[in-house]
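Pasted below: upload_22.pdb, PDB, C-alpha atoms, pLDDT in the B column.
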```
ATOM      1  CA  MET A   1      -9.167   6.832  -1.829  1.00 86.00           C
ATOM      2  CA  PHE A   2      -5.780   6.329  -0.195  1.00 90.00           C
ATOM      3  CA  ARG A   3      -2.728   8.412  -0.980  1.00 92.00           C
ATOM      4  CA  PHE A   4       0.773   7.170  -0.149  1.00 90.00           C
ATOM      5  CA  THR A   5       3.689   9.602  -0.326  1.00 89.00           C
ATOM      6  CA  PHE A   6       7.353   8.559  -0.382  1.00 82.00           C
ATOM      7  CA  ARG A   7      10.409  10.820  -0.278  1.00 77.00           C
ATOM      8  CA  LYS A   8      12.083   9.127  -3.216  1.00 72.00           C
ATOM      9  CA  GLY A   9      11.104   6.355  -5.508  1.00 67.00           C
ATOM     10  CA  ALA A  10      11.519   4.620  -8.802  1.00 65.00           C
ATOM     11  CA  GLY A  11       9.508   7.253 -10.635  1.00 73.00           C
ATOM     12  CA  PRO A  12       6.303   6.666 -12.563  1.00 83.00           C
ATOM     13  CA  ALA A  13       5.242   3.007 -12.456  1.00 89.00           C
ATOM     14  CA  ILE A  14       2.283   0.715 -11.871  1.00 93.00           C
ATOM     15  CA  MET A  15       2.376  -0.521  -8.241  1.00 93.00           C
ATOM     16  CA  ASN A  16       0.583  -3.300  -6.345  1.00 95.00           C
ATOM     17  CA  VAL A  17      -0.957  -2.212  -3.037  1.00 96.00           C
ATOM     18  CA  ALA A  18      -2.420  -4.665  -0.498  1.00 96.00           C
ATOM     19  CA  ILE A  19      -3.643  -4.892   3.093  1.00 97.00           C
ATOM     20  CA  PHE A  20      -2.280  -7.758   5.219  1.00 97.00           C
ATOM     21  CA  HIS A  21      -2.708  -9.019   8.765  1.00 95.00           C
ATOM     22  CA  GLU A  22       0.267  -8.093  10.977  1.00 91.00           C
ATOM     23  CA  GLU A  23       1.850 -11.398   9.966  1.00 87.00           C
ATOM     24  CA  PRO A  24       1.728 -11.082   6.171  1.00 83.00           C
ATOM     25  CA  THR A  25       0.509 -14.156   4.338  1.00 89.00           C
ATOM     26  CA  GLU A  26      -2.334 -13.773   1.855  1.00 93.00           C
ATOM     27  CA  PRO A  27      -3.566 -10.210   1.263  1.00 96.00           C
ATOM     28  CA  LEU A  28      -6.982  -9.228   2.624  1.00 96.00           C
ATOM     29  CA  ALA A  29      -7.519  -6.626  -0.117  1.00 96.00           C
ATOM     30  CA  THR A  30      -5.477  -5.741  -3.208  1.00 96.00           C
ATOM     31  CA  THR A  31      -5.413  -3.155  -5.949  1.00 96.00           C
ATOM     32  CA  MET A  32      -3.052  -1.562  -8.440  1.00 96.00           C
ATOM     33  CA  GLY A  33      -2.287   2.096  -8.889  1.00 94.00           C
ATOM     34  CA  ALA A  34      -0.095   4.394 -10.924  1.00 93.00           C
ATOM     35  CA  ALA A  35       2.797   5.968  -9.043  1.00 91.00           C
ATOM     36  CA  THR A  36       3.584   9.506 -10.163  1.00 92.00           C
ATOM     37  CA  MET A  37       6.286  12.016  -9.282  1.00 90.00           C
ATOM     38  CA  GLU A  38       5.363  15.305  -7.594  1.00 88.00           C
ATOM     39  CA  ASN A  39       8.021  17.657  -6.207  1.00 86.00           C
ATOM     40  CA  ASP A  40      10.682  14.922  -5.910  1.00 84.00           C
ATOM     41  CA  LYS A  41       8.232  12.591  -4.155  1.00 88.00           C
ATOM     42  CA  THR A  42       6.562   9.419  -5.347  1.00 89.00           C
ATOM     43  CA  ILE A  43       2.766   9.538  -4.965  1.00 92.00           C
ATOM     44  CA  ILE A  44       0.487   6.501  -5.229  1.00 93.00           C
ATOM     45  CA  LYS A  45      -3.305   6.987  -5.167  1.00 93.00           C
ATOM     46  CA  VAL A  46      -5.496   3.885  -4.914  1.00 96.00           C
ATOM     47  CA  THR A  47      -8.980   2.798  -3.922  1.00 95.00           C
ATOM     48  CA  LEU A  48      -9.267  -0.269  -1.670  1.00 93.00           C
ATOM     49  CA  ASP A  49     -12.513  -1.944  -0.567  1.00 93.00           C
ATOM     50  CA  LEU A  50     -12.044  -2.304   3.200  1.00 94.00           C
ATOM     51  CA  SER A  51     -15.727  -2.929   3.972  1.00 93.00           C
ATOM     52  CA  ARG A  52     -15.078  -6.528   5.085  1.00 93.00           C
ATOM     53  CA  ILE A  53     -12.000  -5.748   7.174  1.00 96.00           C
ATOM     54  CA  ALA A  54     -12.482  -5.155  10.912  1.00 96.00           C
ATOM     55  CA  PRO A  55     -10.835  -2.189  12.631  1.00 97.00           C
ATOM     56  CA  GLY A  56      -7.372  -2.988  13.959  1.00 97.00           C
ATOM     57  CA  ASN A  57      -3.656  -3.125  13.200  1.00 97.00           C
ATOM     58  CA  TYR A  58      -2.579  -4.180   9.726  1.00 97.00           C
ATOM     59  CA  LEU A  59       0.215  -3.859   7.210  1.00 97.00           C
ATOM     60  CA  VAL A  60       0.039  -2.084   3.875  1.00 96.00           C
ATOM     61  CA  GLY A  61       2.223  -3.772   1.293  1.00 95.00           C
ATOM     62  CA  ILE A  62       3.464  -1.854  -1.745  1.00 94.00           C
ATOM     63  CA  ARG A  63       5.557  -3.262  -4.582  1.00 93.00           C
ATOM     64  CA  LEU A  64       6.383  -3.150  -8.230  1.00 90.00           C
ATOM     65  CA  PRO A  65       4.745  -6.199  -9.869  1.00 89.00           C
ATOM     66  CA  GLY A  66       7.014  -9.229  -9.530  1.00 90.00           C
ATOM     67  CA  ASN A  67       9.118  -7.696  -6.716  1.00 93.00           C
ATOM     68  CA  ASP A  68       9.017  -8.246  -2.952  1.00 94.00           C
ATOM     69  CA  TRP A  69       6.566  -6.318  -0.785  1.00 95.00           C
ATOM     70  CA  SER A  70       7.625  -3.333   1.324  1.00 93.00           C
ATOM     71  CA  TYR A  71       5.427  -3.224   4.435  1.00 95.00           C
ATOM     72  CA  TYR A  72       4.150  -0.252   6.446  1.00 94.00           C
ATOM     73  CA  ARG A  73       2.114  -0.466   9.652  1.00 95.00           C
ATOM     74  CA  VAL A  74      -1.385   1.046   9.590  1.00 95.00           C
ATOM     75  CA  VAL A  75      -4.346   1.235  11.961  1.00 96.00           C
ATOM     76  CA  LEU A  76      -7.820   0.925  10.474  1.00 94.00           C
ATOM     77  CA  LYS A  77     -10.520   2.611  12.530  1.00 92.00           C
TER      78      LYS A  77
END
```
Mind turning this structure into structure tokens?
Amino acid sequence: MFRFTFRKGAGPAIMNVAIFHEEPTEPLATTMGAATMENDKTIIKVTLDLSRIAPGNYLVGIRLPGNDWSYYRVVLK
């Protein structure tokens, strides 16, 4: 399970979450999760199957369905 925390957000919503290579093209893994509000923060909890993804540097993309991705750098170990 992955938990993403943001200072502010759009409030409760269904969000797309995906893992991309450092140059985002097609996602390597995708899922959807419900964003909730906790103490003025947006929280997204999702499960992603990363079993076929090698350790290394990647991007996590998060978006509302139909919107553009917002990318965040991650290191998978």
>> Here's the selection I'm unsure about, the PyMOL selection byres ((chain A and resi 6) around 8); applied to the file above, which residues does it give, as a VMD selection string?
In response: chain A and resid 4 to 5 7 to 9 41 to 43
> When distances are computed from all atoms listed in the file, which of A:Met1, A:Ala13, A:Leu28, A:Ile19 shows the smallest separation from Gly61 of chain A?
Replying inline: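 Checking each candidate against Gly61 of chain A, we get A:Ile19 as the closest.
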> Which residues come within 10 Å of Val75 of chain A, counting all atoms listed in the file, excluding same-chain residues fewer than 2 positions away, as a ChimeraX atom specification?
Replying inline: /A:55-60,73,77
> Suppose you want the space between atom CA of Gly33 of chain A and atom CA of Ser51 of chain A; what is it in Å?
Replying inline: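 Result for atom CA of Gly33 of chain A versus atom CA of Ser51 of chain A: 19.3 Å, one decimal.
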Considering only C-alpha atoms, return as a PDB file with C-alpha atoms, in the coordinates of the input whatever protein or nucleic-acid residues lie within 8 Å of Ile14 of chain A, sequence-local ones (same chain, fewer than 3 positions apart) excluded.
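In the end it all went to around.pdb:
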```pdb
ATOM      1  CA  MET A  32      -3.052  -1.562  -8.440  1.00 96.00           C
ATOM      2  CA  GLY A  33      -2.287   2.096  -8.889  1.00 94.00           C
ATOM      3  CA  ALA A  34      -0.095   4.394 -10.924  1.00 93.00           C
ATOM      4  CA  ALA A  35       2.797   5.968  -9.043  1.00 91.00           C
ATOM      5  CA  LEU A  64       6.383  -3.150  -8.230  1.00 90.00           C
ATOM      6  CA  PRO A  65       4.745  -6.199  -9.869  1.00 89.00           C
TER       7      PRO A  65
END
```
>> With the PyMOL selection byres ((chain A and resi 27) around 12) as the selection, what would be picked from this file? Answer as a PyMOL selection string, please.
In response: chain A and resi 16-26+28-31+48+50+53+58-62+69+71
Centre and edges of the segment 59-62 of chain A box, axis-aligned, 4 Å extra per side, as JSON:
```
{"center_x": 1.8, "center_y": -2.9, "center_z": 2.7, "size_x": 11.4, "size_y": 10.0, "size_z": 17.0}
```
>> Given the PyMOL selection byres ((chain A and resi 45) around 6) and the file above, list the residues it selects as a PyMOL selection string.
In response: chain A and resi 2-3+44+46
> What separation in Å, quoted to one decimal, exists between atom CA of Met15 of chain A and atom CA of Asn67 of chain A?
Replying inline: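 Separation between atom CA of Met15 of chain A and atom CA of Asn67 of chain A: 10.0 Å.
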